[in-house]
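Novice: Following this line is my_file-v2.txt, made up of compact mmCIF, C-alpha atoms and all ligand atoms:
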```txt
# COMPACT_ATOMS: atom_id res chain seq x y z
CA MET A 1 0.00 0.00 0.00
CA LYS A 2 1.01 3.57 -0.58
CA LEU A 3 -0.31 6.35 1.66
CA TYR A 4 -0.18 9.87 0.27
CA TYR A 5 0.14 12.25 3.21
CA SER A 6 1.07 15.72 4.34
CA PRO A 7 2.74 16.08 7.75
CA GLY A 8 0.17 16.56 10.52
CA ALA A 9 -2.78 16.68 8.09
CA CYS A 10 -5.85 14.45 8.34
CA SER A 11 -3.79 11.79 6.55
CA LEU A 12 -1.93 11.35 9.86
CA ALA A 13 -4.94 9.33 11.05
CA ALA A 14 -4.36 6.75 8.31
CA HIS A 15 -0.62 6.86 8.97
CA ILE A 16 -1.24 5.98 12.64
CA ALA A 17 -3.68 3.21 11.66
CA LEU A 18 -1.10 1.76 9.24
CA ALA A 19 1.56 1.87 11.95
CA GLU A 20 -0.88 0.17 14.32
CA SER A 21 -1.81 -2.48 11.72
CA GLY A 22 1.63 -3.93 11.14
CA ALA A 23 0.93 -3.86 7.37
CA ASP A 24 3.62 -3.14 4.78
CA TYR A 25 3.20 0.36 3.41
CA GLU A 26 5.06 3.24 1.89
CA ALA A 27 4.27 6.79 2.98
CA ILE A 28 4.64 9.38 0.23
CA LYS A 29 4.81 13.02 1.26
CA VAL A 30 2.71 15.47 -0.77
CA ASP A 31 3.10 19.24 -0.88
CA ILE A 32 -0.63 19.97 -0.62
CA ARG A 33 -0.28 23.69 -1.26
CA LYS A 34 1.72 23.28 -4.48
CA LYS A 35 0.12 19.85 -5.26
CA LEU A 36 3.53 18.31 -5.85
CA LEU A 37 4.96 14.85 -5.24
CA PRO A 38 8.54 14.36 -3.99
CA ASP A 39 9.82 13.95 -7.59
CA GLY A 40 8.28 17.31 -8.57
CA SER A 41 5.40 15.82 -10.54
CA ASP A 42 1.79 16.89 -10.11
CA TYR A 43 -0.08 15.09 -7.32
CA ARG A 44 -3.28 15.62 -9.30
CA SER A 45 -2.06 12.87 -11.61
CA VAL A 46 -2.64 10.53 -8.63
CA THR A 47 -6.01 12.03 -7.70
CA PRO A 48 -7.68 15.02 -9.34
CA LYS A 49 -8.93 15.97 -5.86
CA GLY A 50 -5.42 17.18 -5.03
CA TYR A 51 -5.86 16.60 -1.31
CA VAL A 52 -4.75 13.94 1.14
CA PRO A 53 -5.28 11.24 2.25
CA ALA A 54 -5.18 8.85 -0.66
CA LEU A 55 -4.40 5.18 -0.23
CA ALA A 56 -3.25 3.05 -3.17
CA THR A 57 -4.29 -0.55 -2.54
CA ASP A 58 -3.85 -3.82 -4.44
CA ASP A 59 -7.46 -4.97 -4.13
CA ALA A 60 -9.50 -1.75 -4.14
CA GLY A 61 -7.47 0.63 -6.28
CA LEU A 62 -6.97 4.20 -5.11
CA ILE A 63 -9.13 5.10 -2.11
CA THR A 64 -9.71 8.74 -1.28
CA GLU A 65 -11.62 10.53 1.53
CA ALA A 66 -10.53 9.95 5.11
CA PRO A 67 -13.61 7.94 6.17
CA ALA A 68 -13.21 5.57 3.19
CA VAL A 69 -9.46 5.15 3.74
CA LEU A 70 -9.95 4.50 7.46
CA SER A 71 -12.89 2.12 6.89
CA TYR A 72 -10.78 0.14 4.40
CA LEU A 73 -8.02 -0.23 7.02
CA ALA A 74 -10.56 -1.27 9.68
CA ASP A 75 -11.98 -3.88 7.29
CA HIS A 76 -8.59 -5.37 6.46
CA TYR A 77 -6.58 -5.10 9.69
CA ASP A 78 -7.19 -5.20 13.42
CA VAL A 79 -7.54 -1.43 13.70
CA GLY A 80 -11.31 -1.12 14.05
CA PRO A 81 -14.54 -3.07 14.03
CA SER A 82 -15.35 -4.59 10.62
CA GLU A 83 -18.88 -5.83 11.42
CA GLY A 84 -21.90 -5.45 13.67
CA ALA A 85 -23.12 -2.46 15.63
CA ASP A 86 -19.59 -1.29 16.44
CA LYS A 87 -18.81 -0.95 12.72
CA TYR A 88 -21.70 1.46 12.27
CA ALA A 89 -20.78 3.32 15.47
CA MET A 90 -17.29 3.73 14.00
CA ILE A 91 -18.63 4.99 10.67
CA GLY A 92 -20.86 7.39 12.59
CA TRP A 93 -17.84 8.77 14.42
CA LEU A 94 -15.89 9.10 11.16
CA GLY A 95 -18.76 11.15 9.73
CA PHE A 96 -19.03 13.28 12.87
CA ILE A 97 -15.30 13.94 13.03
CA GLY A 98 -15.11 14.71 9.31
CA THR A 99 -18.08 16.99 9.00
CA GLU A 100 -18.62 18.45 12.47
CA LEU A 101 -15.00 18.83 13.59
CA HIS A 102 -12.48 18.58 10.72
CA LYS A 103 -14.34 20.96 8.40
CA GLN A 104 -14.51 23.69 11.09
CA PHE A 105 -10.73 24.05 10.76
CA VAL A 106 -10.84 25.19 7.13
CA PRO A 107 -11.05 28.95 7.92
CA LEU A 108 -8.47 28.52 10.70
CA PHE A 109 -5.89 26.90 8.42
CA TRP A 110 -6.73 28.38 5.03
CA ASN A 111 -6.88 32.16 5.58
CA GLY A 112 -10.49 32.60 6.65
CA SER A 113 -11.78 36.04 7.67
CA GLU A 114 -11.57 36.98 11.36
CA GLU A 115 -15.36 36.49 11.62
CA ALA A 116 -15.13 33.05 10.08
CA LYS A 117 -12.26 32.10 12.39
CA GLN A 118 -14.16 33.27 15.48
CA ALA A 119 -17.30 31.42 14.38
CA ALA A 120 -15.24 28.26 13.85
CA ARG A 121 -13.68 28.51 17.32
CA GLU A 122 -17.12 28.89 18.90
CA LYS A 123 -18.57 26.01 16.92
CA LEU A 124 -15.61 23.79 17.85
CA ALA A 125 -15.98 24.57 21.56
CA GLY A 126 -19.59 23.34 21.38
CA GLN A 127 -18.66 20.26 19.36
CA PHE A 128 -15.84 19.33 21.74
CA ALA A 129 -18.29 19.48 24.66
CA LEU A 130 -20.66 17.30 22.64
CA THR A 131 -17.83 14.84 21.93
CA VAL A 132 -17.20 14.45 25.66
CA GLU A 133 -20.92 13.90 26.25
CA LEU A 134 -21.11 11.27 23.48
CA MET A 135 -18.07 9.40 24.83
CA GLU A 136 -19.86 8.84 28.16
CA GLY A 137 -16.60 8.54 30.09
CA ALA A 138 -15.11 5.83 27.84
CA ASP A 139 -11.39 5.79 27.07
CA TRP A 140 -11.94 5.13 23.34
CA LEU A 141 -14.74 5.97 20.90
CA VAL A 142 -15.95 2.49 19.96
CA GLY A 143 -16.09 -0.90 21.65
CA GLY A 144 -13.68 -0.14 24.49
CA LYS A 145 -10.56 -0.25 22.31
CA LEU A 146 -8.55 1.99 20.03
CA SER A 147 -9.87 2.21 16.46
CA VAL A 148 -9.34 4.29 13.34
CA ALA A 149 -12.01 6.67 14.67
CA ASP A 150 -9.69 7.48 17.57
CA ASN A 151 -6.81 7.99 15.16
CA TYR A 152 -8.89 10.60 13.32
CA LEU A 153 -10.16 12.32 16.47
CA PHE A 154 -6.61 12.46 17.84
CA VAL A 155 -5.43 14.30 14.71
CA VAL A 156 -8.24 16.86 14.79
CA LEU A 157 -7.76 17.53 18.51
CA ARG A 158 -4.03 17.90 17.86
CA TRP A 159 -4.84 20.72 15.45
CA ALA A 160 -6.93 22.41 18.15
CA GLN A 161 -4.05 22.11 20.61
CA GLY A 162 -1.68 23.61 18.02
CA LEU A 163 -4.05 26.55 17.55
CA LYS A 164 -4.31 27.04 21.34
CA ILE A 165 -8.00 26.19 21.35
CA ASP A 166 -8.85 24.97 24.85
CA LEU A 167 -10.03 21.39 25.09
CA PRO A 168 -12.22 19.98 27.86
CA ALA A 169 -10.07 18.19 30.46
CA GLU A 170 -11.47 14.84 29.30
CA LEU A 171 -10.11 15.43 25.79
CA ASP A 172 -6.72 16.56 27.10
CA ALA A 173 -6.57 13.23 28.93
CA TYR A 174 -7.71 11.44 25.75
CA GLN A 175 -4.87 13.03 23.79
CA ALA A 176 -2.36 11.94 26.42
CA ARG A 177 -3.77 8.39 26.17
CA ASN A 178 -3.28 8.42 22.38
CA LEU A 179 0.26 9.72 22.72
CA GLU A 180 1.16 6.71 24.83
CA ARG A 181 0.58 4.42 21.81
CA ALA A 182 3.71 3.32 19.96
CA SER A 183 1.84 3.68 16.65
CA VAL A 184 1.06 7.33 17.33
CA GLN A 185 4.65 8.04 18.30
CA GLN A 186 5.94 6.21 15.22
CA ALA A 187 3.64 8.01 12.76
CA LEU A 188 4.45 11.39 14.29
CA ALA A 189 8.18 10.63 14.05
CA ASP A 190 7.83 9.39 10.45
CA GLU A 191 6.13 12.68 9.53
CA GLY A 192 8.91 14.67 11.22
CA LEU A 193 6.64 15.73 14.09
CA GLY A 194 7.95 13.50 16.87
N1 LIG B 1 -13.02 15.41 2.19
C1 LIG B 1 -11.63 15.10 2.35
C2 LIG B 1 -10.92 16.31 2.93
C3 LIG B 1 -9.44 16.06 3.04
C4 LIG B 1 -8.70 17.33 3.44
O1 LIG B 1 -9.29 18.32 3.89
N2 LIG B 1 -7.37 17.27 3.27
C5 LIG B 1 -6.55 18.41 3.55
C6 LIG B 1 -5.52 18.10 4.61
S1 LIG B 1 -6.30 17.76 6.17
C7 LIG B 1 -5.81 18.77 2.27
O2 LIG B 1 -5.15 17.95 1.68
N3 LIG B 1 -5.99 20.03 1.84
C8 LIG B 1 -5.41 20.51 0.65
C9 LIG B 1 -6.44 21.08 -0.29
O3 LIG B 1 -7.66 21.02 0.03
O4 LIG B 1 -6.05 21.58 -1.34
C10 LIG B 1 -11.45 13.87 3.24
O5 LIG B 1 -12.29 13.59 4.10
O6 LIG B 1 -10.45 13.15 3.07
```
Translate the structure of the given file into structure tokens.
Ligand SMILES: N[C@@H](CCC(=O)N[C@@H](CS)C(=O)NCC(=O)O)C(=O)O

Specialist:
Amino acid sequence: MKLYYSPGACSLAAHIALAESGADYEAIKVDIRKKLLPDGSDYRSVTPKGYVPALATDDAGLITEAPAVLSYLADHYDVGPSEGADKYAMIGWLGFIGTELHKQFVPLFWNGSEEAKQAAREKLAGQFALTVELMEGADWLVGGKLSVADNYLFVVLRWAQGLKIDLPAELDAYQARNLERASVQQALADEGLG
């Protein structure tokens, strides 16, 4: 497998899941602002979307969109539930993290107006409180063990920490729990963030 990533971007979730899985993979760094691959060629020749993550697989071709990439990894490796109620709980979290959390960061990272940035911060504060409520005191999002949904939430909360957006104490503790995992430490180091 080949994972196309940008350091610290949402693709870090897939990078952590791959590190956790024990699978063979190659991580290829993309310049997402210039849309360039390491050899200087255009990343849009890999995917016209021009954004990460993208996962090149043997059996399912090129997979794009974080929830699809993470669901593929959960289906093929022991990094998330691949059946039953927990599978749908995981997919629900991937949707929530992608649409309710991840997307709020767009104005914060990509030159939004001051009004848009303030609105995003306020929305995120509410969604973080909701996340804590939905977790009901559990250590991990689904089924009492780490899954790809946690890998994705960890990445998004890491962005908030980098932007000095306060997290509820429960989510600070959650981040610390994630950072104890060897897979998280390895992926961060591989992306030059360790
Ligand atoms: N809908 C996509 C969004 C992915 C996304 O926002 N990727 C960001 C990094 S976190 C990116 O590559 N941005 C570059 C761009 O949009 O040009 C997904 O869920 O995978």

Novice: Have a look at A:Val52, A:Pro38, A:Val156, A:Leu141 and name the one nearest to Tyr88 (chain A); count all atoms listed in the file.

Specialist: A:Leu141

Novice: Check every protein, DNA and RNA residue against ligand LIG 1 (chain B), keep those with an atom at most 9 Å away (counting only C-alpha atoms and all ligand atoms), and present them as a VMD selection string.

Specialist: chain A and resid 5 to 6 8 to 12 30 to 35 49 to 54 64 to 69 95 98 to 99 102 to 103 105 to 106 110 156

Novice: Take the residues from that selection and put them in a file with C-alpha atoms, as a PDB file, keeping the file's coordinate frame.

Specialist:
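Okay, this is what ended up in part_39.pdb:
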```
ATOM      1  CA  TYR A   5       0.140  12.250   3.210  1.00  0.00           C
ATOM      2  CA  SER A   6       1.070  15.720   4.340  1.00  0.00           C
ATOM      3  CA  GLY A   8       0.170  16.560  10.520  1.00  0.00           C
ATOM      4  CA  ALA A   9      -2.780  16.680   8.090  1.00  0.00           C
ATOM      5  CA  CYS A  10      -5.850  14.450   8.340  1.00  0.00           C
ATOM      6  CA  SER A  11      -3.790  11.790   6.550  1.00  0.00           C
ATOM      7  CA  LEU A  12      -1.930  11.350   9.860  1.00  0.00           C
ATOM      8  CA  VAL A  30       2.710  15.470  -0.770  1.00  0.00           C
ATOM      9  CA  ASP A  31       3.100  19.240  -0.880  1.00  0.00           C
ATOM     10  CA  ILE A  32      -0.630  19.970  -0.620  1.00  0.00           C
ATOM     11  CA  ARG A  33      -0.280  23.690  -1.260  1.00  0.00           C
ATOM     12  CA  LYS A  34       1.720  23.280  -4.480  1.00  0.00           C
ATOM     13  CA  LYS A  35       0.120  19.850  -5.260  1.00  0.00           C
ATOM     14  CA  LYS A  49      -8.930  15.970  -5.860  1.00  0.00           C
ATOM     15  CA  GLY A  50      -5.420  17.180  -5.030  1.00  0.00           C
ATOM     16  CA  TYR A  51      -5.860  16.600  -1.310  1.00  0.00           C
ATOM     17  CA  VAL A  52      -4.750  13.940   1.140  1.00  0.00           C
ATOM     18  CA  PRO A  53      -5.280  11.240   2.250  1.00  0.00           C
ATOM     19  CA  ALA A  54      -5.180   8.850  -0.660  1.00  0.00           C
ATOM     20  CA  THR A  64      -9.710   8.740  -1.280  1.00  0.00           C
ATOM     21  CA  GLU A  65     -11.620  10.530   1.530  1.00  0.00           C
ATOM     22  CA  ALA A  66     -10.530   9.950   5.110  1.00  0.00           C
ATOM     23  CA  PRO A  67     -13.610   7.940   6.170  1.00  0.00           C
ATOM     24  CA  ALA A  68     -13.210   5.570   3.190  1.00  0.00           C
ATOM     25  CA  VAL A  69      -9.460   5.150   3.740  1.00  0.00           C
ATOM     26  CA  GLY A  95     -18.760  11.150   9.730  1.00  0.00           C
ATOM     27  CA  GLY A  98     -15.110  14.710   9.310  1.00  0.00           C
ATOM     28  CA  THR A  99     -18.080  16.990   9.000  1.00  0.00           C
ATOM     29  CA  HIS A 102     -12.480  18.580  10.720  1.00  0.00           C
ATOM     30  CA  LYS A 103     -14.340  20.960   8.400  1.00  0.00           C
ATOM     31  CA  PHE A 105     -10.730  24.050  10.760  1.00  0.00           C
ATOM     32  CA  VAL A 106     -10.840  25.190   7.130  1.00  0.00           C
ATOM     33  CA  TRP A 110      -6.730  28.380   5.030  1.00  0.00           C
ATOM     34  CA  VAL A 156      -8.240  16.860  14.790  1.00  0.00           C
TER      35      VAL A 156
END
```

Novice: From the set A:Ala187, A:Ala129, A:Leu153, A:Met135, which residue has the shortest atom-to-atom contact distance to Leu167 (chain A), counting all atoms listed in the file?

Specialist: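 Answer, going by the shortest atom-to-atom distance: A:Ala129.
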
Novice: Could you give me, as a ChimeraX atom specification, the residues within 12 Å of Trp140 (chain A), counting all atoms listed in the file and dropping anything in the same chain fewer than 3 positions from it?

Specialist: /A:80,89-90,93,131-132,134-137,143-154,170-171,173-175,177-178

Novice: Output C-alpha atoms for every residue in that selection, as an mmCIF file, in the coordinates of the input.

Specialist:
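Contents of selection_17.cif, freshly written:
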```
data_model
loop_
_atom_site.group_PDB
_atom_site.id
_atom_site.type_symbol
_atom_site.label_atom_id
_atom_site.label_comp_id
_atom_site.auth_asym_id
_atom_site.auth_seq_id
_atom_site.Cartn_x
_atom_site.Cartn_y
_atom_site.Cartn_z
ATOM 1 C CA GLY A 80 -11.310 -1.120 14.050
ATOM 2 C CA ALA A 89 -20.780 3.320 15.470
ATOM 3 C CA MET A 90 -17.290 3.730 14.000
ATOM 4 C CA TRP A 93 -17.840 8.770 14.420
ATOM 5 C CA THR A 131 -17.830 14.840 21.930
ATOM 6 C CA VAL A 132 -17.200 14.450 25.660
ATOM 7 C CA LEU A 134 -21.110 11.270 23.480
ATOM 8 C CA MET A 135 -18.070 9.400 24.830
ATOM 9 C CA GLU A 136 -19.860 8.840 28.160
ATOM 10 C CA GLY A 137 -16.600 8.540 30.090
ATOM 11 C CA GLY A 143 -16.090 -0.900 21.650
ATOM 12 C CA GLY A 144 -13.680 -0.140 24.490
ATOM 13 C CA LYS A 145 -10.560 -0.250 22.310
ATOM 14 C CA LEU A 146 -8.550 1.990 20.030
ATOM 15 C CA SER A 147 -9.870 2.210 16.460
ATOM 16 C CA VAL A 148 -9.340 4.290 13.340
ATOM 17 C CA ALA A 149 -12.010 6.670 14.670
ATOM 18 C CA ASP A 150 -9.690 7.480 17.570
ATOM 19 C CA ASN A 151 -6.810 7.990 15.160
ATOM 20 C CA TYR A 152 -8.890 10.600 13.320
ATOM 21 C CA LEU A 153 -10.160 12.320 16.470
ATOM 22 C CA PHE A 154 -6.610 12.460 17.840
ATOM 23 C CA GLU A 170 -11.470 14.840 29.300
ATOM 24 C CA LEU A 171 -10.110 15.430 25.790
ATOM 25 C CA ALA A 173 -6.570 13.230 28.930
ATOM 26 C CA TYR A 174 -7.710 11.440 25.750
ATOM 27 C CA GLN A 175 -4.870 13.030 23.790
ATOM 28 C CA ARG A 177 -3.770 8.390 26.170
ATOM 29 C CA ASN A 178 -3.280 8.420 22.380
#
```

Novice: Select, counting all atoms listed in the file, all protein, DNA and RNA residues no farther than 12 Å from (-7.7, -3.4, -2.8) in file coordinates, and express the selection as a PyMOL selection string.

Specialist: chain A and resi 1-2+55-63+69+72-73+75-76

Novice: For C-alpha atoms, I'd like the residues from the last selection saved as a tab-separated table (two decimals), in the frame of the given file.

Specialist:
```tsv
chain	number	residue	atom	x	y	z
A	1	MET	CA	0.00	0.00	0.00
A	2	LYS	CA	1.01	3.57	-0.58
A	55	LEU	CA	-4.40	5.18	-0.23
A	56	ALA	CA	-3.25	3.05	-3.17
A	57	THR	CA	-4.29	-0.55	-2.54
A	58	ASP	CA	-3.85	-3.82	-4.44
A	59	ASP	CA	-7.46	-4.97	-4.13
A	60	ALA	CA	-9.50	-1.75	-4.14
A	61	GLY	CA	-7.47	0.63	-6.28
A	62	LEU	CA	-6.97	4.20	-5.11
A	63	ILE	CA	-9.13	5.10	-2.11
A	69	VAL	CA	-9.46	5.15	3.74
A	72	TYR	CA	-10.78	0.14	4.40
A	73	LEU	CA	-8.02	-0.23	7.02
A	75	ASP	CA	-11.98	-3.88	7.29
A	76	HIS	CA	-8.59	-5.37	6.46
```

Novice: Would you mind reading off the distance between CA of Asp166 (chain A) and CA of Ile16 (chain A), one decimal, in Å?

Specialist: 23.8 Å

Novice: Nearest to Ser183 (chain A): which of A:Ala116, A:Val79, A:Ala169, A:Val46 is it, counting all atoms listed in the file?

Specialist: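 That would be A:Val79, the residue with the smallest distance to Ser183 (chain A).
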
Novice: Find the distance between CA of Gln161 (chain A) and CA of Ala176 (chain A) and write it in Å to one decimal.

Specialist: 11.8 Å

Novice: CA of Val155 (chain A) and CA of Glu191 (chain A) are how many Å apart?

Specialist: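 Rounded to one decimal, the two atoms are 12.8 Å apart.
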
Novice: Nearest residue to Pro168 (chain A) out of A:Ala125, A:Ala182, A:Ala13, A:Leu188, using all atoms listed in the file?

Specialist: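 Nearest to Pro168 (chain A): A:Ala125.
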
Novice: Of the residues A:Asp172, A:Ser21, A:Ile91, A:Ala120, which is the one nearest to Gln104 (chain A), using all atoms listed in the file?

Specialist: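 Comparing A:Asp172, A:Ser21, A:Ile91, A:Ala120 against Gln104 (chain A), the winner is A:Ala120.
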